[in-house]
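Content type PDB, C-alpha atoms, from the file query.pdb:
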ATOM      1  CA  MET A   1     -26.672  17.824  26.042
ATOM      2  CA  SER A   2     -23.549  18.568  23.977
ATOM      3  CA  VAL A   3     -22.585  16.360  21.071
ATOM      4  CA  LEU A   4     -18.924  15.783  20.286
ATOM      5  CA  PRO A   5     -17.957  16.603  16.678
ATOM      6  CA  ARG A   6     -17.067  13.617  14.523
ATOM      7  CA  ARG A   7     -13.409  14.646  14.457
ATOM      8  CA  SER A   8     -13.061  14.647  18.226
ATOM      9  CA  VAL A   9     -11.695  11.109  18.593
ATOM     10  CA  LEU A  10      -9.199  11.456  15.774
ATOM     11  CA  ALA A  11      -8.293  14.922  16.975
ATOM     12  CA  GLY A  12      -7.291  13.410  20.279
ATOM     13  CA  LEU A  13      -5.273  10.771  18.487
ATOM     14  CA  ALA A  14      -3.664  13.510  16.410
ATOM     15  CA  GLY A  15      -2.359  15.033  19.618
ATOM     16  CA  ILE A  16      -0.942  11.696  20.663
ATOM     17  CA  GLY A  17       0.526  11.233  17.198
ATOM     18  CA  ALA A  18       2.171  14.645  17.314
ATOM     19  CA  ALA A  19       3.742  13.798  20.657
ATOM     20  CA  ALA A  20       5.075  10.561  19.208
ATOM     21  CA  LEU A  21       6.481  12.461  16.231
ATOM     22  CA  ALA A  22       8.344  14.840  18.502
ATOM     23  CA  GLY A  23      10.680  11.984  19.351
ATOM     24  CA  CYS A  24      11.388  11.625  15.597
ATOM     25  CA  GLY A  25      12.376  15.239  15.042
ATOM     26  CA  ALA A  26       8.972  16.557  14.011
ATOM     27  CA  ALA A  27       9.599  19.806  15.884
ATOM     28  CA  GLU A  28      12.295  20.685  13.331
ATOM     29  CA  GLN A  29      10.117  20.184  10.266
ATOM     30  CA  ASP A  30       9.061  23.044   8.024
ATOM     31  CA  ALA A  31       5.990  24.929   9.245
ATOM     32  CA  PRO A  32       3.525  26.984   7.203
ATOM     33  CA  GLY A  33       4.929  30.326   8.445
ATOM     34  CA  GLY A  34       6.755  32.950   6.423
ATOM     35  CA  THR A  35       4.929  33.807   3.240
ATOM     36  CA  GLY A  36       1.726  32.124   4.371
ATOM     37  CA  VAL A  37       1.364  30.646   0.869
ATOM     38  CA  ALA A  38       0.825  26.897   0.906
ATOM     39  CA  GLU A  39       2.957  24.911  -1.506
ATOM     40  CA  ARG A  40       1.146  22.849  -4.128
ATOM     41  CA  VAL A  41       1.744  19.095  -3.995
ATOM     42  CA  ARG A  42       0.266  16.524  -6.416
ATOM     43  CA  ILE A  43      -0.400  13.119  -4.884
ATOM     44  CA  GLY A  44      -1.838   9.874  -6.210
ATOM     45  CA  TYR A  45      -3.719   7.274  -4.181
ATOM     46  CA  ILE A  46      -5.789   4.102  -4.638
ATOM     47  CA  ALA A  47      -9.400   3.908  -3.468
ATOM     48  CA  ASP A  48      -9.040   1.266  -0.767
ATOM     49  CA  PHE A  49      -8.099   1.445   2.910
ATOM     50  CA  THR A  50      -4.338   0.979   2.688
ATOM     51  CA  GLY A  51      -4.115   3.186  -0.389
ATOM     52  CA  ALA A  52      -6.309   6.044   0.822
ATOM     53  CA  SER A  53      -6.385   6.114   4.625
ATOM     54  CA  LEU A  54      -3.413   8.441   5.117
ATOM     55  CA  MET A  55      -4.857  10.899   2.603
ATOM     56  CA  ALA A  56      -8.246  10.668   4.308
ATOM     57  CA  ILE A  57      -6.743  11.346   7.735
ATOM     58  CA  ALA A  58      -4.627  14.215   6.422
ATOM     59  CA  ASN A  59      -7.783  15.808   5.001
ATOM     60  CA  ASP A  60      -9.850  15.151   8.118
ATOM     61  CA  GLN A  61      -7.235  16.591  10.458
ATOM     62  CA  ASP A  62      -6.101  19.381   8.095
ATOM     63  CA  LEU A  63      -2.518  18.169   8.257
ATOM     64  CA  TRP A  64      -1.829  19.770   4.883
ATOM     65  CA  ALA A  65      -2.285  23.354   6.043
ATOM     66  CA  LYS A  66      -0.446  22.554   9.259
ATOM     67  CA  ASN A  67       2.610  21.683   7.172
ATOM     68  CA  GLY A  68       2.288  24.388   4.546
ATOM     69  CA  LEU A  69       0.912  22.248   1.722
ATOM     70  CA  ARG A  70      -1.974  22.561  -0.717
ATOM     71  CA  PRO A  71      -2.757  19.040  -1.993
ATOM     72  CA  GLU A  72      -4.107  18.044  -5.380
ATOM     73  CA  LEU A  73      -5.221  14.436  -4.915
ATOM     74  CA  SER A  74      -5.818  12.075  -7.848
ATOM     75  CA  VAL A  75      -7.249   8.566  -7.608
ATOM     76  CA  PHE A  76      -5.668   5.735  -9.618
ATOM     77  CA  THR A  77      -6.578   2.088 -10.101
ATOM     78  CA  ASN A  78      -3.045   0.783  -9.531
ATOM     79  CA  GLY A  79       0.523   1.681  -8.624
ATOM     80  CA  PRO A  80       2.222   1.332 -12.030
ATOM     81  CA  LEU A  81      -0.047   4.019 -13.484
ATOM     82  CA  GLN A  82       1.070   6.360 -10.710
ATOM     83  CA  VAL A  83       4.722   5.618 -11.441
ATOM     84  CA  GLN A  84       4.044   6.512 -15.070
ATOM     85  CA  ALA A  85       2.483   9.773 -13.902
ATOM     86  CA  LEU A  86       5.497  10.433 -11.673
ATOM     87  CA  GLY A  87       7.835   9.857 -14.601
ATOM     88  CA  ALA A  88       5.787  12.182 -16.795
ATOM     89  CA  GLY A  89       5.935  14.920 -14.167
ATOM     90  CA  ASP A  90       2.189  14.818 -13.525
ATOM     91  CA  LEU A  91       2.552  13.716  -9.876
ATOM     92  CA  ASP A  92       4.990  14.545  -7.108
ATOM     93  CA  PHE A  93       4.113  11.586  -4.863
ATOM     94  CA  GLY A  94       2.160   8.377  -5.300
ATOM     95  CA  TYR A  95       1.156   5.191  -3.547
ATOM     96  CA  VAL A  96       2.043   1.646  -4.638
ATOM     97  CA  GLY A  97       1.339  -1.791  -3.251
ATOM     98  CA  PRO A  98       4.008  -4.473  -2.947
ATOM     99  CA  GLY A  99       3.437  -5.818  -6.453
ATOM    100  CA  ALA A 100       4.710  -2.566  -7.975
ATOM    101  CA  MET A 101       7.751  -2.149  -5.726
ATOM    102  CA  TRP A 102      10.017  -3.351  -8.544
ATOM    103  CA  LEU A 103       9.467   0.022 -10.207
ATOM    104  CA  PRO A 104      11.375   2.113  -7.645
ATOM    105  CA  ALA A 105      13.911  -0.724  -7.452
ATOM    106  CA  SER A 106      14.493  -0.230 -11.188
ATOM    107  CA  GLY A 107      15.088   3.495 -10.714
ATOM    108  CA  LYS A 108      11.747   4.862 -11.895
ATOM    109  CA  ALA A 109      10.908   6.545  -8.550
ATOM    110  CA  ARG A 110      12.098   6.786  -4.965
ATOM    111  CA  VAL A 111      10.493   5.305  -1.861
ATOM    112  CA  VAL A 112       9.985   8.014   0.757
ATOM    113  CA  ALA A 113       7.836   6.172   3.315
ATOM    114  CA  ILE A 114       6.674   2.642   4.047
ATOM    115  CA  ASN A 115       2.903   2.611   4.449
ATOM    116  CA  SER A 116       1.894  -0.818   5.758
ATOM    117  CA  LEU A 117       2.492  -4.553   5.622
ATOM    118  CA  GLY A 118      -0.192  -6.314   3.607
ATOM    119  CA  PHE A 119      -1.860  -9.559   4.587
ATOM    120  CA  ALA A 120      -5.056  -9.282   2.540
ATOM    121  CA  ASP A 121      -3.975 -11.286  -0.512
ATOM    122  CA  ARG A 122      -5.198 -14.785  -1.229
ATOM    123  CA  VAL A 123      -4.959 -17.428  -3.915
ATOM    124  CA  ILE A 124      -8.573 -18.534  -4.208
ATOM    125  CA  ALA A 125      -9.993 -21.482  -6.125
ATOM    126  CA  GLN A 126     -13.358 -22.831  -7.164
ATOM    127  CA  PRO A 127     -14.967 -25.479  -4.930
ATOM    128  CA  GLY A 128     -13.413 -28.880  -5.549
ATOM    129  CA  ILE A 129      -9.849 -27.594  -5.860
ATOM    130  CA  ALA A 130      -8.465 -28.608  -2.498
ATOM    131  CA  GLU A 131      -4.771 -27.710  -2.626
ATOM    132  CA  ALA A 132      -2.229 -25.796  -4.661
ATOM    133  CA  GLU A 133      -1.038 -28.922  -6.470
ATOM    134  CA  ASP A 134      -4.524 -29.186  -7.997
ATOM    135  CA  LEU A 135      -3.913 -25.968  -9.952
ATOM    136  CA  ALA A 136      -2.024 -27.880 -12.656
ATOM    137  CA  GLY A 137      -3.827 -27.322 -15.951
ATOM    138  CA  LYS A 138      -6.228 -24.770 -14.424
ATOM    139  CA  ARG A 139      -7.067 -21.241 -15.612
ATOM    140  CA  ILE A 140      -5.769 -18.681 -13.090
ATOM    141  CA  GLY A 141      -6.851 -15.043 -13.250
ATOM    142  CA  VAL A 142      -4.067 -12.649 -12.281
ATOM    143  CA  PRO A 143      -3.917  -8.847 -12.110
ATOM    144  CA  GLU A 144      -0.386  -8.634 -13.430
ATOM    145  CA  GLY A 145       2.232  -6.867 -11.335
ATOM    146  CA  THR A 146       0.140  -6.872  -8.164
ATOM    147  CA  SER A 147       0.613  -8.538  -4.795
ATOM    148  CA  GLY A 148      -1.967 -11.102  -5.928
ATOM    149  CA  ASP A 149       0.264 -11.939  -8.877
ATOM    150  CA  MET A 150       3.236 -12.364  -6.549
ATOM    151  CA  LEU A 151       1.280 -14.646  -4.239
ATOM    152  CA  VAL A 152       0.238 -16.859  -7.163
ATOM    153  CA  ARG A 153       3.874 -17.202  -8.223
ATOM    154  CA  LEU A 154       4.972 -18.074  -4.687
ATOM    155  CA  THR A 155       2.154 -20.596  -4.353
ATOM    156  CA  LEU A 156       2.970 -22.336  -7.630
ATOM    157  CA  GLN A 157       6.615 -22.468  -6.678
ATOM    158  CA  ALA A 158       5.832 -23.970  -3.268
ATOM    159  CA  ALA A 159       3.622 -26.583  -4.949
ATOM    160  CA  GLY A 160       6.385 -27.617  -7.342
ATOM    161  CA  LEU A 161       4.586 -26.064 -10.331
ATOM    162  CA  THR A 162       5.703 -23.528 -12.914
ATOM    163  CA  GLU A 163       3.686 -21.061 -14.940
ATOM    164  CA  ASP A 164       3.924 -23.508 -17.840
ATOM    165  CA  ASP A 165       1.854 -25.959 -15.782
ATOM    166  CA  VAL A 166      -1.146 -23.584 -15.598
ATOM    167  CA  GLU A 167      -3.066 -21.306 -17.916
ATOM    168  CA  ARG A 168      -2.342 -17.812 -16.710
ATOM    169  CA  VAL A 169      -4.997 -15.247 -17.678
ATOM    170  CA  THR A 170      -4.003 -11.615 -17.196
ATOM    171  CA  MET A 171      -6.911  -9.356 -16.209
ATOM    172  CA  ASP A 172      -7.586  -6.362 -14.007
ATOM    173  CA  ALA A 173      -8.893  -6.841 -10.476
ATOM    174  CA  ALA A 174     -12.503  -5.990 -11.315
ATOM    175  CA  THR A 175     -12.496  -8.527 -14.139
ATOM    176  CA  VAL A 176     -11.126 -11.182 -11.774
ATOM    177  CA  VAL A 177     -14.180 -10.668  -9.565
ATOM    178  CA  THR A 178     -16.565 -11.107 -12.506
ATOM    179  CA  ALA A 179     -14.677 -13.994 -14.104
ATOM    180  CA  PHE A 180     -14.328 -15.998 -10.899
ATOM    181  CA  SER A 181     -17.921 -15.369  -9.861
ATOM    182  CA  SER A 182     -19.175 -16.637 -13.238
ATOM    183  CA  GLY A 183     -16.877 -19.678 -13.260
ATOM    184  CA  LYS A 184     -14.800 -18.541 -16.242
ATOM    185  CA  ILE A 185     -11.569 -19.024 -14.300
ATOM    186  CA  ASP A 186     -10.640 -21.794 -11.878
ATOM    187  CA  ALA A 187      -8.495 -19.756  -9.518
ATOM    188  CA  ALA A 188      -7.177 -16.255  -8.939
ATOM    189  CA  GLY A 189      -4.652 -14.163  -7.087
ATOM    190  CA  ILE A 190      -6.755 -11.439  -5.508
ATOM    191  CA  TRP A 191      -7.302  -9.665  -2.208
ATOM    192  CA  TYR A 192      -9.838  -8.516   0.374
ATOM    193  CA  PRO A 193     -12.251  -6.716   0.243
ATOM    194  CA  LEU A 194     -12.770  -7.939  -3.349
ATOM    195  CA  ILE A 195     -12.889 -11.514  -2.070
ATOM    196  CA  ASP A 196     -15.875 -10.568   0.083
ATOM    197  CA  THR A 197     -17.654  -9.539  -3.109
ATOM    198  CA  ILE A 198     -16.769 -12.838  -4.780
ATOM    199  CA  LYS A 199     -17.977 -14.824  -1.760
ATOM    200  CA  LYS A 200     -21.471 -13.458  -2.227
ATOM    201  CA  ARG A 201     -21.590 -15.412  -5.506
ATOM    202  CA  VAL A 202     -19.278 -18.295  -4.590
ATOM    203  CA  PRO A 203     -19.628 -18.717  -0.809
ATOM    204  CA  ASP A 204     -17.776 -22.043  -0.708
ATOM    205  CA  LEU A 205     -14.675 -20.887  -2.593
ATOM    206  CA  VAL A 206     -11.363 -22.288  -1.324
ATOM    207  CA  GLU A 207      -8.496 -20.164  -0.038
ATOM    208  CA  LEU A 208      -5.346 -22.018  -1.098
ATOM    209  CA  ALA A 209      -2.726 -19.536   0.126
ATOM    210  CA  LYS A 210      -2.305 -16.233   1.954
ATOM    211  CA  ASN A 211       0.480 -13.747   2.665
ATOM    212  CA  ASP A 212       0.961 -15.140   6.159
ATOM    213  CA  ASP A 213       2.080 -18.466   4.642
ATOM    214  CA  TYR A 214       5.306 -16.804   3.484
ATOM    215  CA  TYR A 215       5.863 -14.209   6.227
ATOM    216  CA  PRO A 216       8.450 -13.232   7.425
ATOM    217  CA  ALA A 217      10.587 -14.843   4.693
ATOM    218  CA  VAL A 218       8.675 -12.642   2.242
ATOM    219  CA  SER A 219       6.931  -9.458   3.382
ATOM    220  CA  PHE A 220       4.482  -7.378   1.375
ATOM    221  CA  PRO A 221       5.062  -3.676   2.171
ATOM    222  CA  SER A 222       3.174  -0.868   0.466
ATOM    223  CA  ALA A 223       4.819   2.528   0.190
ATOM    224  CA  TYR A 224       4.663   6.147  -0.853
ATOM    225  CA  LEU A 225       6.948   7.106  -3.719
ATOM    226  CA  ALA A 226       8.259  10.412  -4.978
ATOM    227  CA  ARG A 227       9.341  11.536  -8.402
ATOM    228  CA  ASN A 228      13.139  11.256  -8.624
ATOM    229  CA  GLU A 229      13.494  14.964  -9.331
ATOM    230  CA  VAL A 230      11.461  15.841  -6.242
ATOM    231  CA  VAL A 231      13.770  13.838  -3.973
ATOM    232  CA  THR A 232      16.950  15.252  -5.481
ATOM    233  CA  GLY A 233      15.826  18.834  -5.988
ATOM    234  CA  GLU A 234      12.943  19.693  -3.666
ATOM    235  CA  ALA A 235      14.021  18.680  -0.173
ATOM    236  CA  PRO A 236      11.671  21.113   1.639
ATOM    237  CA  LEU A 237       8.657  19.668  -0.183
ATOM    238  CA  VAL A 238       9.740  16.132   0.751
ATOM    239  CA  ARG A 239      10.152  17.139   4.406
ATOM    240  CA  LYS A 240       6.656  18.640   4.472
ATOM    241  CA  MET A 241       5.142  15.573   2.826
ATOM    242  CA  LEU A 242       6.932  13.268   5.244
ATOM    243  CA  ALA A 243       5.622  15.302   8.173
ATOM    244  CA  VAL A 244       2.067  14.763   6.927
ATOM    245  CA  LEU A 245       2.624  11.056   6.299
ATOM    246  CA  ARG A 246       4.247  10.440   9.681
ATOM    247  CA  GLU A 247       1.514  12.146  11.678
ATOM    248  CA  ALA A 248      -1.255  10.460   9.674
ATOM    249  CA  THR A 249       0.559   7.138  10.111
ATOM    250  CA  ASP A 250       0.495   7.530  13.892
ATOM    251  CA  ILE A 251      -3.153   8.566  13.960
ATOM    252  CA  ARG A 252      -4.078   5.486  11.922
ATOM    253  CA  ALA A 253      -1.953   3.086  13.964
ATOM    254  CA  LEU A 254      -3.469   4.377  17.209
ATOM    255  CA  GLY A 255      -7.061   4.385  15.970
ATOM    256  CA  VAL A 256      -7.807   1.972  13.133
ATOM    257  CA  PRO A 257     -11.591   1.863  13.775
ATOM    258  CA  GLU A 258     -11.818   5.656  13.552
ATOM    259  CA  ALA A 259      -9.542   5.681  10.497
ATOM    260  CA  ILE A 260     -11.907   3.248   8.754
ATOM    261  CA  GLU A 261     -14.832   5.646   9.241
ATOM    262  CA  VAL A 262     -12.800   8.650   8.063
ATOM    263  CA  THR A 263     -11.587   6.761   4.987
ATOM    264  CA  SER A 264     -15.113   5.661   4.123
ATOM    265  CA  ARG A 265     -16.276   9.282   4.207
ATOM    266  CA  PHE A 266     -13.302  10.311   2.099
ATOM    267  CA  LEU A 267     -13.941   7.643  -0.557
ATOM    268  CA  ARG A 268     -17.733   8.217  -0.449
ATOM    269  CA  THR A 269     -18.609   5.169  -2.551
ATOM    270  CA  VAL A 270     -16.958   2.584  -0.261
ATOM    271  CA  SER A 271     -18.665   1.688   3.013
ATOM    272  CA  ALA A 272     -16.859   1.262   6.306
ATOM    273  CA  GLU A 273     -17.952  -2.380   6.313
ATOM    274  CA  GLN A 274     -16.248  -2.922   2.958
ATOM    275  CA  LEU A 275     -13.029  -1.368   4.259
ATOM    276  CA  ARG A 276     -12.998  -3.220   7.568
ATOM    277  CA  THR A 277     -11.786  -6.613   6.321
ATOM    278  CA  GLU A 278      -8.951  -5.038   4.389
ATOM    279  CA  ALA A 279      -7.974  -2.809   7.287
ATOM    280  CA  TYR A 280      -7.712  -5.707   9.704
ATOM    281  CA  SER A 281      -5.789  -7.768   7.158
ATOM    282  CA  ALA A 282      -2.872  -5.340   7.281
ATOM    283  CA  ARG A 283      -0.363  -4.287   9.912
ATOM    284  CA  PHE A 284       0.040  -0.586  10.583
ATOM    285  CA  LEU A 285       3.156   0.485  12.430
ATOM    286  CA  THR A 286       3.742   3.860  14.053
ATOM    287  CA  SER A 287       6.206   6.293  12.515
ATOM    288  CA  ALA A 288       8.623   5.614  15.378
ATOM    289  CA  GLU A 289       8.473   1.878  14.661
ATOM    290  CA  LEU A 290       9.012   2.457  10.947
ATOM    291  CA  ALA A 291      11.912   4.798  11.685
ATOM    292  CA  ALA A 292      13.511   2.193  13.956
ATOM    293  CA  LYS A 293      13.027  -0.581  11.419
ATOM    294  CA  SER A 294      14.495   1.653   8.733
ATOM    295  CA  ALA A 295      17.543   2.286  10.891
ATOM    296  CA  ASP A 296      18.173  -1.325  11.926
ATOM    297  CA  GLY A 297      17.939  -2.748   8.404
ATOM    298  CA  THR A 298      14.536  -4.430   8.754
ATOM    299  CA  VAL A 299      12.920  -2.366   5.990
ATOM    300  CA  ASN A 300      15.881  -2.975   3.680
ATOM    301  CA  GLY A 301      15.396  -6.675   4.394
ATOM    302  CA  TRP A 302      11.733  -6.477   3.351
ATOM    303  CA  LEU A 303      12.690  -4.710   0.125
ATOM    304  CA  THR A 304      15.574  -7.082  -0.615
ATOM    305  CA  GLU A 305      13.268 -10.096  -0.250
ATOM    306  CA  LEU A 306      10.869  -8.509  -2.724
ATOM    307  CA  ASN A 307      13.725  -7.750  -5.119
ATOM    308  CA  GLU A 308      14.837 -11.372  -5.050
ATOM    309  CA  LEU A 309      11.310 -12.399  -5.982
ATOM    310  CA  PHE A 310      11.167  -9.744  -8.710
ATOM    311  CA  GLN A 311      14.412 -11.087 -10.130
ATOM    312  CA  GLN A 312      13.029 -14.620 -10.168
ATOM    313  CA  ILE A 313       9.954 -13.541 -12.119
ATOM    314  CA  GLY A 314      11.898 -11.378 -14.539
ATOM    315  CA  LYS A 315      10.908  -7.916 -13.330
ATOM    316  CA  LEU A 316      14.467  -7.064 -12.267
ATOM    317  CA  LYS A 317      17.703  -8.134 -13.939
ATOM    318  CA  LYS A 318      19.528  -8.110 -10.620
ATOM    319  CA  VAL A 319      18.730  -7.681  -6.929
ATOM    320  CA  THR A 320      18.882  -3.946  -6.268
ATOM    321  CA  ASP A 321      20.270  -2.543  -3.019
ATOM    322  CA  PRO A 322      17.303  -0.780  -1.325
ATOM    323  CA  ALA A 323      19.660   1.937  -0.087
ATOM    324  CA  THR A 324      19.756   3.237  -3.675
ATOM    325  CA  TYR A 325      16.040   4.089  -3.672
ATOM    326  CA  TYR A 326      14.937   4.329  -0.016
ATOM    327  CA  ASP A 327      16.492   6.796   2.417
ATOM    328  CA  GLY A 328      15.364   5.544   5.811
ATOM    329  CA  ALA A 329      17.351   8.265   7.567
ATOM    330  CA  ALA A 330      15.298  10.939   5.805
ATOM    331  CA  TYR A 331      12.082   9.309   7.007
ATOM    332  CA  ALA A 332      13.319   9.399  10.612
ATOM    333  CA  ALA A 333      14.863  12.881  10.480
TER     334      ALA A 333
END
Output the structure of this file as structure tokens.
Amino acid sequence: MSVLPRRSVLAGLAGIGAAALAGCGAAEQDAPGGTGVAERVRIGYIADFTGASLMAIANDQDLWAKNGLRPELSVFTNGPLQVQALGAGDLDFGYVGPGAMWLPASGKARVVAINSLGFADRVIAQPGIAEAEDLAGKRIGVPEGTSGDMLVRLTLQAAGLTEDDVERVTMDAATVVTAFSSGKIDAAGIWYPLIDTIKKRVPDLVELAKNDDYYPAVSFPSAYLARNEVVTGEAPLVRKMLAVLREATDIRALGVPEAIEVTSRFLRTVSAEQLRTEAYSARFLTSAELAAKSADGTVNGWLTELNELFQQIGKLKKVTDPATYYDGAAYAA
């Protein structure tokens, strides 16, 4: 009896994805031919499903060699650190969640591709805190500049509270897990799958707010960024990278369960079960859908809504036009 190789399902999806890409101009993208020397590309990612799945799929399906690239992948704990690395010239591309999207809006990098819409964030509270209004006077743990931070701000605003009405405690995501589990903070802005870890210690925690409460008025897109100099001076490299991202995007959108398994193998220390909640708390569009939404102004609307929020919280001095840092036509071309 023959046994199908583990890549067989995704390989089939890759074929489907390639067919879908053909309608987006994929046939005209740079191929590996000519010199036969793959071009080096330095890429950052985050070790969770939304932040690593496209890299995992690209590795699993060998999309790099297909598009003439030789990747050097580096894992980071957050998006702002990747933007710093981009600015220093240590990365060519990087991944950021919605909480760091003010950085390209302020000119520090360029968005080259939307990755997903996030719905995994929550404002959680200790048992006994029943609603957002009860947060007055409470200690709230916040990983600053993240989507969890943004959700806390939206939740306080909706409850008629300001940051002066609470005790805001800035900490990284791992510290939020420890601090909430030990009762050192009353509430937090955090996300799945970390909330699953917290629930093992505090099973009756209260979820006060979620991304869906504010969608579609406010959307939470994650994205891949490029160093400014790469976008302006290395168009062939950008085209190759976009080809990889588009095909991996289609494979993921058409086969999330398989993508979870591939990403778990890629990350090694994160189980498929741990990734599953996060994966199903996000929305993954195909490259054709993202291209269409880039063309009709939907993506610019998502980014403008974020910029308005960033202005309110002091991250941006003014609302930046997304057309200055995201070229949707290049994504679709």
Exercise for the section: Could you tell me which of A:Pro71, A:Gly297, A:Pro203, A:Pro322 comes closest to Asp92 of chain A if we count all atoms listed in the file? Expected result: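 With all atoms listed in the file as the atom set, the closest residue is A:Pro71.
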Practice task
Give as a ChimeraX atom specification the residues that the PyMOL selection byres ((chain A and resi 130) around 12) matches when applied to the coordinates above.
Solution key: /A:123-129,131-135,186-187,204-209
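Taking only C-alpha atoms into account, Phe93 of chain A lies nearest to A:Tyr45 out of the set A:Trp191, A:Tyr214, A:Tyr45, A:Phe119.
Note that the spacing between atom CA of Leu151 of chain A and atom CA of Glu308 of chain A amounts to 14.0 Å.
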Problem - Expected selection from the PyMOL selection byres ((chain A and resi 109) around 9), given as a ChimeraX atom specification - result: /A:83,86-87,103-108,110-111,225-229,325
Practice task
Could you tell me which of A:Glu258, A:Pro80, A:Met241, A:Asp164 comes closest to Ala65 of chain A if we count all atoms listed in the file?
Solution key: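 Distance minimum relative to Ala65 of chain A lands on A:Met241.
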Problem - Expansion of the PyMOL selection byres ((chain A and resi 316) around 12) into residues, as a PyMOL selection string - result: chain A and resi 100-107+304+306-315+317-321
Handout entry: atom CA of Thr263 of chain A to atom CA of Thr249 of chain A, distance in Å rounded to a single decimal
Key = 13.2 Å
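Among the candidates A:Asp250, A:Asp48, A:Glu278, A:Asp121, the residue lying nearest to Val75 of chain A is A:Asp48 (atoms considered: only C-alpha atoms).
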Practice task
List the neighbours of Ser294 of chain A out to 9 Å using only C-alpha atoms; skip same-chain residues closer than 3 positions along the sequence, and give me the result as a ChimeraX atom specification.
Solution key: /A:289-291,297-300,327-329,331-332
Please save C-alpha atoms of the selected residues as a PDB file, in the frame of the given file.
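Here's the written file out-v3.pdb:
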ATOM      1  CA  GLU A 289       8.473   1.878  14.661  1.00  0.00           C
ATOM      2  CA  LEU A 290       9.012   2.457  10.947  1.00  0.00           C
ATOM      3  CA  ALA A 291      11.912   4.798  11.685  1.00  0.00           C
ATOM      4  CA  GLY A 297      17.939  -2.748   8.404  1.00  0.00           C
ATOM      5  CA  THR A 298      14.536  -4.430   8.754  1.00  0.00           C
ATOM      6  CA  VAL A 299      12.920  -2.366   5.990  1.00  0.00           C
ATOM      7  CA  ASN A 300      15.881  -2.975   3.680  1.00  0.00           C
ATOM      8  CA  ASP A 327      16.492   6.796   2.417  1.00  0.00           C
ATOM      9  CA  GLY A 328      15.364   5.544   5.811  1.00  0.00           C
ATOM     10  CA  ALA A 329      17.351   8.265   7.567  1.00  0.00           C
ATOM     11  CA  TYR A 331      12.082   9.309   7.007  1.00  0.00           C
ATOM     12  CA  ALA A 332      13.319   9.399  10.612  1.00  0.00           C
TER      13      ALA A 332
END
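Closest approach to Gln82 of chain A among A:Ile57, A:Val112, A:Ala235, A:Ile46 is made by A:Ile46 (distances from all atoms listed in the file).
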Handout entry: Point (-0.9, -16.0, -18.7) neighbourhood (10 Å, only C-alpha atoms) written as a list of chain:residue names
Key = A:Arg139, A:Ile140, A:Gly141, A:Val142, A:Glu144, A:Glu163, A:Asp164, A:Val166, A:Glu167, A:Arg168, A:Val169, A:Thr170, A:Met171
Exercise for the section: Using atom CA of Arg246 of chain A and atom CA of Val218 of chain A as the two end points, give the distance in Å to one decimal. Expected result: 24.7 Å
